Amino acid sequence: MANPVEAWKTDKHGLDVWPDLERYAAQHTPMNKIDTSDLERMKWYGFFYRKRDTPGRYMNRIRITAGELTSQQAKEIAYVAYQLGHGIVDITTRANLQVQGLGIEHLPEVARRLNRVGLTSKQTGHDNIRNVFAHPFSGLLPDELIDTRKLCHEITDLFIDSREFSDLPRKLNICLNGSAQHSAHFWTQDISYLATRNSRGNLRFQVLLAGTQGQNPHLAWHMPVLVAPDRVVEVTRAILDLFRTRGSREKRNAARLCFLVKEIGIDGVMQWLGEYLPFPLEPCVTKPEPAVTHDELIGWFRQRDPNLWTMGISVPLGRMTWRQLEGLAVLSKRWGDGQLRTTHEQGIAVINVAHFHKDAAATDAAALGLSLHADPFEMNTMACTGSQFCNIAVTETKGHMFRLIDNLRKKSLKLHGIRIHMSGCPSSCAQHFTADIGLKGVRVRRLVGTREGFDVFLGGGVAGEVQMGLPYRFGVDVDQLPTLIDQVVSEYYQNHLEGQAFSAYWRDKLRAEQAAKVEETQYRTPTWMCEGCRYEHHAEDPPVFCPSCAGLRRRFVRLDDSDAAGAAVSPAADTTAPEREDGFLFAAMEIDLTESEGRSVEVAGNEMALFRVDGQVHAIDAACPHEGAPLAQGEIKNGTITCPWHGWAFNTCTGCSLDPPGHDVRAYPTLVEDGRIFVKLVATDTASPVCKPAANGSIKRGGTPLARPVEVELRLADVIPEAPGVKTFRFDNGDGQIPHDLPGRFVKLCVPTDGDHLWRSFTISSSPTSRPWLDLTIKRNPGGIVTPYLFEHLKPGATLKMKGPQGNFCFDPEKHSEPLALVSAGSGITPMLSIARYLRDTGIRRPCAFLYGARSAADVLFCTEVQRLADDLPSFHYAVTLSQPEASWLGPRGRIDVPFALEEISDVAARRWFLCGPDDFMDSLRAELIEAGVEPTRIHTEQFHAAQFLAS
Ligand code: SF4
């Protein structure tokens with residue numbers, strides 16, 4: 001019996017979803033109102049629903065056949081990402097480009113815009129043939145045997161818009177290599193054509209068939225034939241027809257081409273080809289030879305025409321900002337001929353650069369923050385999309401990999417070409433099985449909850465032979481990866497035989513160890529448990545869906561067994577902390593605690609969660625008092641940890657419950673010494689007072705009263721238009737129901753949209769001194785639900801539920817004695833406005849620079865008021881930069897960026913900085929400020945994203 005996917009594919013072909021997609025777009029249909037089968041069918045047009053990217057956004061995967069991209073196409077993709085998406089563009093390991101963050105209403109427009117520049121995203125997902133790629137420098141390589149780009153396009157023409165070839169049992173991958181060096185990628189494709197010459201010196205292709213990385217990794221079988229270039233399309237059609245008609249459609253996890261080849265053998269495939277093709281194939285038993293190293297794709301490469309060069313650019317983990325892609329498009333026209341190539345190593349190249357333009361091109365790339373001199377970490381690492389956007393991911397990836405790289409750099413580890421690939425689930429999009437060190441995301445049980453961890457594979461990749469990596473450790477806690485990788489690389493350096501590659505060393509060692517282990521005790525298959533229904537699954541990997549409750553793969557945790565337990569290095573075992581007499585006990589190594597992620601530890605039998613916020617280490621109880629979820633796995637933002645299960649929020653410093661109030665957890669004193677974190681176990685009755693409200697409802701935190709959040713109903717007193725699409729909603733907070741204590745805090749507002757009550761966060765733009773009013777200045781997000789509702793339906797007199805105040809991104813005059821720098825862009829001005837108004841009203845005379853970025857003069861918010869502040873207050877400096885200014889604008893031009901901020905402020909190191917704007921801007925400004933001598937604890941950042949300012 002066919003599986004359910006086959007049933008809905010039969011009901012309606014994926015290509016037939018287009019009229020529905022247009023209707024959903026026209027009606028702004030929310031994702032949860034669209035039938036799942038239609039959401040899946042949208043992948044036939046390259047649109048992938050992203051449930052994790054709230055509120056229901058879409059990713060567009062764009063087919064870049066043979067990696068060929070023009071300057072015009074690159075620009076269009078960059079503008080789509082900027083205007084309609086999150087402003088980022090990812091390069092995949094099949095050389096596609098992906099744009100994240102699209103609204104349903106944008107999808108038809110995206111398809112039209114791609115079409116206009118000769119691109120398509122059709123059939124880039126689900127049971128389709130994915131991007132056909134070639135060597136990224138095809139047609140340019142001096143020693144190339146054949147330029148395969150034309151064949152890539154001819155094969156693509158075979159299946160685009162074909163109803164038969166877009167209804168395969170599962171996905172299928174095809175690539176061609178016209179160079180004589182064949183990297184490991186080609187052994188894990190469904191069909192690989194690898195250039196060679198036959199005994200008479202004629203150009204032919206060797207064929208590898210049915211390789212795969214994913215759930216059931218398998219290196220491709222060699223087909224004992226040679227295929228002439230003009231027969232490649234016909235042979236491809238024959239194999240596609242074989243798969244289409246005889247591939248199994250019963251079980252999704254046994255439907256890839258490799259299962260058919262396992263069933264009928266290569267002989268069966270040869271027999272099919274013999275009957276199908278009107279010409280005989282040239283027999284050849286010689287197998288293709290893998291290259292001894294990975295393809296070098298970063299740096300300068302002289303082309304076949306010796307006057308021209310290819311500039312291979314490093315894109316760390318394949319993620320670019322839209323500005324970088326747009327900048328490369330401009331650069332390619334200025335210094336090349338307007339052509340670029342995407343690479344299967346998640347990189348990009350500008351081609352046909354004249355010799356005398358090399359320096360200028362490299363300088364322009366550097367100005368974009370891109371380089372062709374990647375360090376070994378950038379060159380040798382790869383990460384898939386992960387849980388940030390991917391629906392079936394088990395773990396986060398790109399963020400983990402960036403942190404791993406940082407940690408390895410701090411350890412001064414040398415990689416020397418050892419490659420590390422990280423996938424967020426068994427699907428292996430980052431090809432972890434063919435890396436020297438492969439990391440596959442899993443969840444593992446630790447203490448009261450689960451942690452993100454990775455199964456570690458060693459010995460994959462190329463070293464004269466292609467091999468799949470062998471398992472080395474299961475369920476290694478993500479925080480322990482730097483130590484583990486340091487150990488395995490150092491061991492290799494110290495013990496390898498002369499000339500022995502890393503992968504060969506570890507393969508030999510692991511094979512020997514496994515042989516010994518299997519003799520001693522029989523191998524036990526891992527056990528996975530669904531956290532939803534406790535169903536147990538015994539297999540190498542968790543299933544995509546729980547067969548019992550249909551929960552997604554990420555709900556499965558690996559149950560610790562003796563192997564797994566031994567794999568994870570416990571903090572206590574990792575250190576030799578001396579005993580102390582002051583009552584502080586060792587908890588963890590400082591290096592293992594990052595700003596972005598908490599960490600569960602056990603100290604003398606007490607389970608607690610550690611967090612690092614603005615350089616300070618905090619410790620609170622590990623379990624959420626609601627249902628015991630592990631708080632360390634929640635989202636940390638501005639000193640607030642949000643429980644991963646039900647969204648309860650706690651202050652990491654005090655343990656005070658912010659939302660809902662009244663469920664405080666214990667906080668513990670911490671101490672950091674010599675890179676070690678210690679905590680003091682204080683009895684409940686002495687630990688709790690930090691959370692106990694004072695008589696006025698505030699909570700003591702050091703010397704500063706911290707307002708306790710409450711839930712109240714406030715009356716809307718007025719709605720004040722501020723600028724096109726921006727209004728201030730003024731609430732009557734006459735009795736101080738919301739105890740607005742410090743400027744910069746936010747509240748949650750309950751908005752009664754059609755048929756639903758949605759809570760959304762908004763920063764308070766008024767000063768705490770502006771009683772009785774509490775103002776929320778809100779920008780309308782035309783594609784959303786909440787802000788259009790507020791703008792169109794909310795009238796003075798209405799009452800709304802509100803929770804707050806919340807957030808630690810606030811100016812505290814008792815603690816912050818330094819001159820201030822308030823830097824913001826767009827709607828990110830709201831907390832800065834609150835701080836500036838507070839300075840004005842309280843008479844606190846603190847030097848203050850107010851820097852602001854907007855698109856045009858018409859978009860500058862509160863210009864008159866802030867200018868008046870600058871005129872009235874001594875030492876108040878106001879400067880604006882515009883990214884798309886009118887011709888008459890005489891002030892600074894360009895996006896708000898680091899040079900602008902540093903230009904306007906001279907005493908950089910002496911200031912306390914508040915930053916609110918796009919992530920990339922804040923990240924780079926924060927890094928530069930630290931480099932310029934600013935204490936990290938004096939830099940406060942507030943994320944500028946939909947939930948906070950635009951809402952949905
Ligand atoms: Fe998503 Fe898994 Fe692929 Fe990563 S490997 S992109 S987590 S499906």
# chains A, B, ... in the order shown; residues from 1 in each chain; ligands from 1
call {"tool": "residues_near_ligand", "arguments": {"ligand": "ligand 1", "cutoff": "9 Å", "atoms": "only C-alpha atoms and all ligand atoms", "output": "list of chain:residue names"}}
result
A:Gly214, A:Ala383, A:Cys384, A:Thr385, A:Gly386, A:Ser387, A:Gln388, A:Phe389, A:Cys390, A:Asn391, A:Ile392, A:Ala393, A:Val394, A:Thr395, A:Glu396, A:Thr397, A:Met422, A:Ser423, A:Gly424, A:Cys425, A:Pro426, A:Ser427, A:Ser428, A:Cys429, A:Ala430, A:Gln431, A:His432, A:Lys440, A:Gly441
call {"tool": "residues_around", "arguments": {"residues": "Arg304 of chain A", "least_positions_apart": "6", "cutoff": "6 Å", "atoms": "only C-alpha atoms", "output": "count of residues only"}}
result
3
call {"tool": "residues_around", "arguments": {"residues": "Leu168 of chain A", "least_positions_apart": "5", "cutoff": "9 Å", "atoms": "only C-alpha atoms", "output": "mmCIF file with N, CA and C atoms, in the first residue's frame"}}
result
data_model
loop_
_atom_site.group_PDB
_atom_site.id
_atom_site.type_symbol
_atom_site.label_atom_id
_atom_site.label_comp_id
_atom_site.auth_asym_id
_atom_site.auth_seq_id
_atom_site.Cartn_x
_atom_site.Cartn_y
_atom_site.Cartn_z
ATOM 1 N N ASP A 127 9.533 15.455 -3.777
ATOM 2 C CA ASP A 127 9.927 14.302 -4.605
ATOM 3 C C ASP A 127 10.342 14.751 -6.005
ATOM 4 N N ASN A 128 11.306 15.628 -6.045
ATOM 5 C CA ASN A 128 11.740 16.223 -7.304
ATOM 6 C C ASN A 128 13.237 16.054 -7.492
ATOM 7 N N ILE A 129 13.668 16.410 -8.688
ATOM 8 C CA ILE A 129 15.107 16.361 -8.976
ATOM 9 C C ILE A 129 15.682 17.713 -8.588
ATOM 10 N N LEU A 240 15.823 7.915 -14.820
ATOM 11 C CA LEU A 240 14.663 8.546 -14.184
ATOM 12 C C LEU A 240 13.405 7.709 -14.401
ATOM 13 N N PHE A 243 13.463 4.722 -12.100
ATOM 14 C CA PHE A 243 13.127 5.086 -10.720
ATOM 15 C C PHE A 243 11.638 5.410 -10.599
ATOM 16 N N ARG A 244 11.133 6.152 -11.574
ATOM 17 C CA ARG A 244 9.739 6.592 -11.528
ATOM 18 C C ARG A 244 8.776 5.411 -11.568
ATOM 19 N N THR A 245 9.107 4.424 -12.411
ATOM 20 C CA THR A 245 8.147 3.333 -12.603
ATOM 21 C C THR A 245 8.369 2.168 -11.651
ATOM 22 N N GLY A 247 10.554 2.333 -8.688
ATOM 23 C CA GLY A 247 10.939 2.674 -7.313
ATOM 24 C C GLY A 247 9.787 2.406 -6.357
ATOM 25 N N ARG A 249 7.065 2.875 -3.578
ATOM 26 C CA ARG A 249 6.306 4.005 -3.031
ATOM 27 C C ARG A 249 5.578 3.587 -1.754
#
call {"tool": "atom_distance", "arguments": {"atom1": "atom CA of Val261 of chain A", "atom2": "atom CA of Leu209 of chain A"}}
result
8.4 Å
call {"tool": "atom_distance", "arguments": {"atom1": "atom CA of Gly469 of chain A", "atom2": "atom CA of Arg507 of chain A"}}
result
7.5 Å
call {"tool": "closest_residue", "arguments": {"among": "A:Asp90, A:Asp592, A:Glu105, A:Asp486", "to": "Met31 of chain A", "atoms": "only C-alpha atoms"}}
result
A:Glu105
call {"tool": "atom_distance", "arguments": {"atom1": "atom CA of Val476 of chain A", "atom2": "atom CA of Gly438 of chain A"}}
result
12.3 Å
call {"tool": "closest_residue", "arguments": {"among": "A:Ile939, A:Val613, A:Glu22, A:Asn131", "to": "Arg61 of chain A", "atoms": "only C-alpha atoms"}}
result
A:Asn131
call {"tool": "closest_residue", "arguments": {"among": "A:Ile720, A:Val269, A:Val5, A:Val232", "to": "Arg246 of chain A", "atoms": "only C-alpha atoms"}}
result
A:Val269
call {"tool": "residues_around", "arguments": {"residues": "Gln100 of chain A", "least_positions_apart": "2", "cutoff": "9 Å", "atoms": "only C-alpha atoms", "output": "PDB file with N, CA and C atoms, in the first residue's frame"}}
result
ATOM      1  N   ARG A  50       7.740  27.359   6.933  1.00  0.00           N
ATOM      2  CA  ARG A  50       8.663  27.349   8.061  1.00  0.00           C
ATOM      3  C   ARG A  50       7.876  27.638   9.326  1.00  0.00           C
ATOM      4  N   ASP A  53       9.624  29.708  12.026  1.00  0.00           N
ATOM      5  CA  ASP A  53       9.920  31.105  11.752  1.00  0.00           C
ATOM      6  C   ASP A  53       8.611  31.872  11.887  1.00  0.00           C
ATOM      7  N   ARG A  57       6.356  31.766   8.311  1.00  0.00           N
ATOM      8  CA  ARG A  57       7.019  32.361   7.135  1.00  0.00           C
ATOM      9  C   ARG A  57       7.406  31.255   6.148  1.00  0.00           C
ATOM     10  N   TYR A  58       7.885  31.680   4.983  1.00  0.00           N
ATOM     11  CA  TYR A  58       8.240  30.725   3.939  1.00  0.00           C
ATOM     12  C   TYR A  58       9.683  30.956   3.485  1.00  0.00           C
ATOM     13  N   MET A  59      10.327  29.864   3.103  1.00  0.00           N
ATOM     14  CA  MET A  59      11.676  29.950   2.545  1.00  0.00           C
ATOM     15  C   MET A  59      11.580  29.667   1.049  1.00  0.00           C
ATOM     16  N   ASN A  60      12.352  30.379   0.272  1.00  0.00           N
ATOM     17  CA  ASN A  60      12.372  30.154  -1.170  1.00  0.00           C
ATOM     18  C   ASN A  60      13.742  29.596  -1.555  1.00  0.00           C
ATOM     19  N   ARG A  61      13.722  28.391  -2.161  1.00  0.00           N
ATOM     20  CA  ARG A  61      14.990  27.784  -2.613  1.00  0.00           C
ATOM     21  C   ARG A  61      15.095  27.975  -4.117  1.00  0.00           C
ATOM     22  N   ALA A  81      15.310  39.372  -0.799  1.00  0.00           N
ATOM     23  CA  ALA A  81      15.628  39.084   0.618  1.00  0.00           C
ATOM     24  C   ALA A  81      15.457  40.337   1.465  1.00  0.00           C
ATOM     25  N   GLY A  85      12.004  39.513   2.730  1.00  0.00           N
ATOM     26  CA  GLY A  85      12.430  38.456   3.653  1.00  0.00           C
ATOM     27  C   GLY A  85      13.190  38.999   4.839  1.00  0.00           C
ATOM     28  N   HIS A  86      13.995  38.124   5.421  1.00  0.00           N
ATOM     29  CA  HIS A  86      14.756  38.513   6.609  1.00  0.00           C
ATOM     30  C   HIS A  86      16.063  39.222   6.261  1.00  0.00           C
ATOM     31  N   GLY A  87      16.335  39.408   4.961  1.00  0.00           N
ATOM     32  CA  GLY A  87      17.564  40.113   4.576  1.00  0.00           C
ATOM     33  C   GLY A  87      18.796  39.228   4.545  1.00  0.00           C
ATOM     34  N   ILE A  88      18.594  37.907   4.623  1.00  0.00           N
ATOM     35  CA  ILE A  88      19.747  37.012   4.523  1.00  0.00           C
ATOM     36  C   ILE A  88      19.553  36.055   3.360  1.00  0.00           C
ATOM     37  N   VAL A  89      20.677  35.614   2.793  1.00  0.00           N
ATOM     38  CA  VAL A  89      20.648  34.668   1.679  1.00  0.00           C
ATOM     39  C   VAL A  89      21.630  33.549   2.025  1.00  0.00           C
ATOM     40  N   ASP A  90      21.170  32.306   1.958  1.00  0.00           N
ATOM     41  CA  ASP A  90      22.039  31.160   2.261  1.00  0.00           C
ATOM     42  C   ASP A  90      22.439  30.456   0.974  1.00  0.00           C
ATOM     43  N   GLN A  98      19.035  30.356  -1.013  1.00  0.00           N
ATOM     44  CA  GLN A  98      17.793  30.303  -0.238  1.00  0.00           C
ATOM     45  C   GLN A  98      17.533  31.642   0.435  1.00  0.00           C
ATOM     46  N   LEU A 102       9.762  34.885   4.054  1.00  0.00           N
ATOM     47  CA  LEU A 102       8.752  35.482   3.156  1.00  0.00           C
ATOM     48  C   LEU A 102       7.353  35.269   3.711  1.00  0.00           C
ATOM     49  N   PHE A 389      15.418  27.662  11.149  1.00  0.00           N
ATOM     50  CA  PHE A 389      14.369  27.733  10.144  1.00  0.00           C
ATOM     51  C   PHE A 389      13.799  26.358   9.759  1.00  0.00           C
TER      52      PHE A 389
END
call {"tool": "select_by_dssp", "arguments": {"residues": "segment 76-271 of chain A", "states": "strand (DSSP E)", "output": "PyMOL selection string"}}
result
chain A and resi 88-91+97-102+174-177+191-197+203-209+221-227
call {"tool": "write_last_selection", "arguments": {"atoms": "N, CA, C and O atoms", "output": "short mmCIF file (atom, residue, chain, number, x, y, z; two decimals), in the first residue's frame"}}
result
data_model
loop_
_atom_site.label_atom_id
_atom_site.label_comp_id
_atom_site.auth_asym_id
_atom_site.auth_seq_id
_atom_site.Cartn_x
_atom_site.Cartn_y
_atom_site.Cartn_z
N ILE A 88 18.59 37.91 4.62
CA ILE A 88 19.75 37.01 4.52
C ILE A 88 19.55 36.06 3.36
O ILE A 88 18.42 35.73 3.00
N VAL A 89 20.68 35.61 2.79
CA VAL A 89 20.65 34.67 1.68
C VAL A 89 21.63 33.55 2.02
O VAL A 89 22.78 33.82 2.37
N ASP A 90 21.17 32.31 1.96
CA ASP A 90 22.04 31.16 2.26
C ASP A 90 22.44 30.46 0.97
O ASP A 90 21.61 30.30 0.07
N ILE A 91 23.70 30.01 0.93
CA ILE A 91 24.13 29.16 -0.19
C ILE A 91 24.13 27.73 0.34
O ILE A 91 24.65 27.47 1.42
N LEU A 97 20.48 28.97 -3.92
CA LEU A 97 20.40 30.10 -2.99
C LEU A 97 19.05 30.04 -2.29
O LEU A 97 18.03 29.69 -2.91
N GLN A 98 19.03 30.36 -1.01
CA GLN A 98 17.79 30.30 -0.24
C GLN A 98 17.53 31.64 0.43
O GLN A 98 18.44 32.23 1.00
N VAL A 99 16.28 32.08 0.32
CA VAL A 99 15.86 33.33 0.97
C VAL A 99 14.84 32.96 2.05
O VAL A 99 13.87 32.25 1.77
N GLN A 100 15.07 33.43 3.25
CA GLN A 100 14.19 33.09 4.38
C GLN A 100 13.26 34.27 4.70
O GLN A 100 13.60 35.42 4.46
N GLY A 101 12.13 33.94 5.32
CA GLY A 101 11.31 34.97 5.96
C GLY A 101 10.25 35.60 5.08
O GLY A 101 9.84 36.73 5.33
N LEU A 102 9.76 34.88 4.05
CA LEU A 102 8.75 35.48 3.16
C LEU A 102 7.35 35.27 3.71
O LEU A 102 7.05 34.22 4.27
N ILE A 174 21.46 14.97 -8.94
CA ILE A 174 22.29 14.72 -10.12
C ILE A 174 23.40 15.76 -10.18
O ILE A 174 23.17 16.94 -9.89
N CYS A 175 24.61 15.33 -10.55
CA CYS A 175 25.67 16.32 -10.80
C CYS A 175 26.64 15.79 -11.85
O CYS A 175 26.65 14.59 -12.14
N LEU A 176 27.41 16.71 -12.40
CA LEU A 176 28.39 16.34 -13.41
C LEU A 176 29.72 16.99 -13.06
O LEU A 176 29.74 18.11 -12.54
N ASN A 177 30.81 16.31 -13.36
CA ASN A 177 32.12 16.90 -13.12
C ASN A 177 32.98 16.74 -14.36
O ASN A 177 33.27 15.62 -14.77
N ILE A 191 22.91 10.35 -9.15
CA ILE A 191 23.58 10.10 -10.44
C ILE A 191 24.74 11.08 -10.55
O ILE A 191 24.54 12.30 -10.50
N SER A 192 25.94 10.56 -10.73
CA SER A 192 27.12 11.41 -10.96
C SER A 192 27.75 11.01 -12.28
O SER A 192 28.00 9.82 -12.52
N TYR A 193 28.01 12.01 -13.11
CA TYR A 193 28.75 11.77 -14.35
C TYR A 193 30.14 12.38 -14.17
O TYR A 193 30.25 13.60 -13.96
N LEU A 194 31.18 11.55 -14.26
CA LEU A 194 32.53 12.02 -13.98
C LEU A 194 33.38 11.87 -15.24
O LEU A 194 33.52 10.76 -15.80
N ALA A 195 33.95 12.99 -15.69
CA ALA A 195 34.66 13.00 -16.97
C ALA A 195 35.92 12.14 -16.91
O ALA A 195 36.63 12.10 -15.91
N THR A 196 36.19 11.47 -18.02
CA THR A 196 37.41 10.68 -18.17
C THR A 196 37.67 10.50 -19.67
O THR A 196 36.96 11.09 -20.49
N ARG A 197 38.69 9.78 -20.00
CA ARG A 197 38.92 9.46 -21.42
C ARG A 197 38.96 7.95 -21.57
O ARG A 197 39.45 7.24 -20.69
N LEU A 203 36.61 11.57 -25.09
CA LEU A 203 36.00 12.05 -23.85
C LEU A 203 34.74 11.24 -23.52
O LEU A 203 33.87 11.06 -24.37
N ARG A 204 34.67 10.75 -22.31
CA ARG A 204 33.52 9.97 -21.85
C ARG A 204 33.22 10.32 -20.40
O ARG A 204 34.01 10.98 -19.73
N PHE A 205 32.08 9.83 -19.91
CA PHE A 205 31.76 9.97 -18.48
C PHE A 205 31.68 8.60 -17.83
O PHE A 205 31.03 7.69 -18.37
N GLN A 206 32.32 8.46 -16.66
CA GLN A 206 32.04 7.32 -15.80
C GLN A 206 30.78 7.66 -15.01
O GLN A 206 30.46 8.84 -14.82
N VAL A 207 30.08 6.62 -14.56
CA VAL A 207 28.79 6.87 -13.89
C VAL A 207 28.79 6.23 -12.50
O VAL A 207 29.14 5.06 -12.34
N LEU A 208 28.41 7.06 -11.51
CA LEU A 208 28.17 6.56 -10.16
C LEU A 208 26.68 6.65 -9.90
O LEU A 208 26.04 7.64 -10.27
N LEU A 209 26.12 5.63 -9.26
CA LEU A 209 24.66 5.57 -9.13
C LEU A 209 24.24 5.32 -7.68
O LEU A 209 24.81 4.48 -6.98
N TRP A 221 27.15 3.22 -6.16
CA TRP A 221 27.67 2.07 -6.89
C TRP A 221 28.29 2.57 -8.20
O TRP A 221 27.79 3.54 -8.79
N HIS A 222 29.32 1.88 -8.63
CA HIS A 222 29.90 2.22 -9.92
C HIS A 222 29.19 1.44 -11.00
O HIS A 222 28.99 0.23 -10.88
N MET A 223 28.77 2.13 -12.07
CA MET A 223 28.18 1.42 -13.20
C MET A 223 29.29 1.14 -14.22
O MET A 223 29.99 2.08 -14.62
N PRO A 224 29.44 -0.08 -14.65
CA PRO A 224 30.61 -0.44 -15.49
C PRO A 224 30.42 -0.03 -16.96
O PRO A 224 30.48 -0.86 -17.87
N VAL A 225 30.16 1.24 -17.17
CA VAL A 225 29.98 1.73 -18.54
C VAL A 225 30.64 3.10 -18.69
O VAL A 225 30.94 3.76 -17.69
N LEU A 226 30.81 3.50 -19.92
CA LEU A 226 31.21 4.88 -20.22
C LEU A 226 30.09 5.49 -21.06
O LEU A 226 29.50 4.81 -21.91
N VAL A 227 29.82 6.76 -20.81
CA VAL A 227 28.73 7.43 -21.54
C VAL A 227 29.32 8.61 -22.30
O VAL A 227 30.01 9.46 -21.71
#
call {"tool": "select_by_dssp", "arguments": {"residues": "segment 117-246 of chain A", "states": "helix (DSSP H, G or I)", "output": "ChimeraX atom specification"}}
result
/A:149-159,184-188,229-246
call {"tool": "write_last_selection", "arguments": {"atoms": "C-alpha atoms", "output": "mmCIF file, in the first residue's frame"}}
result
data_model
loop_
_atom_site.group_PDB
_atom_site.id
_atom_site.type_symbol
_atom_site.label_atom_id
_atom_site.label_comp_id
_atom_site.auth_asym_id
_atom_site.auth_seq_id
_atom_site.Cartn_x
_atom_site.Cartn_y
_atom_site.Cartn_z
ATOM 1 C CA ARG A 149 27.311 23.471 -17.941
ATOM 2 C CA LYS A 150 25.343 22.869 -21.140
ATOM 3 C CA LEU A 151 24.613 19.304 -20.063
ATOM 4 C CA CYS A 152 23.430 20.538 -16.662
ATOM 5 C CA HIS A 153 20.915 22.785 -18.408
ATOM 6 C CA GLU A 154 19.803 20.082 -20.838
ATOM 7 C CA ILE A 155 19.162 17.647 -17.978
ATOM 8 C CA THR A 156 17.261 20.355 -16.097
ATOM 9 C CA ASP A 157 15.116 21.031 -19.193
ATOM 10 C CA LEU A 158 14.226 17.357 -19.156
ATOM 11 C CA PHE A 159 12.309 17.561 -15.907
ATOM 12 C CA ALA A 184 33.813 13.177 -2.252
ATOM 13 C CA HIS A 185 30.513 14.899 -3.125
ATOM 14 C CA PHE A 186 30.183 12.823 -6.263
ATOM 15 C CA TRP A 187 30.012 9.548 -4.339
ATOM 16 C CA THR A 188 26.876 10.562 -2.466
ATOM 17 C CA PRO A 229 28.580 13.435 -23.728
ATOM 18 C CA ASP A 230 25.853 13.428 -26.371
ATOM 19 C CA ARG A 231 24.222 10.386 -24.718
ATOM 20 C CA VAL A 232 24.126 11.812 -21.170
ATOM 21 C CA VAL A 233 20.602 13.225 -21.381
ATOM 22 C CA GLU A 234 19.185 9.992 -22.831
ATOM 23 C CA VAL A 235 20.869 7.863 -20.154
ATOM 24 C CA THR A 236 19.553 10.221 -17.487
ATOM 25 C CA ARG A 237 16.029 9.937 -18.863
ATOM 26 C CA ALA A 238 16.304 6.144 -18.792
ATOM 27 C CA ILE A 239 17.408 6.102 -15.146
ATOM 28 C CA LEU A 240 14.663 8.546 -14.184
ATOM 29 C CA ASP A 241 12.075 6.348 -15.882
ATOM 30 C CA LEU A 242 13.432 3.307 -14.068
ATOM 31 C CA PHE A 243 13.127 5.086 -10.720
ATOM 32 C CA ARG A 244 9.739 6.592 -11.528
ATOM 33 C CA THR A 245 8.147 3.333 -12.603
ATOM 34 C CA ARG A 246 9.858 0.757 -10.405
#
call {"tool": "closest_residue", "arguments": {"among": "A:Asn606, A:Thr10, A:Thr310, A:Gln346", "to": "Ser37 of chain A", "atoms": "only C-alpha atoms"}}
result
A:Thr10
call {"tool": "residues_around", "arguments": {"residues": "segment 877-892 of chain A", "least_positions_apart": "4", "cutoff": "10 Å", "atoms": "only C-alpha atoms", "output": "PyMOL selection string"}}
result
chain A and resi 821-825+847-860+863+866-871+873+896-897+900-901+904-905
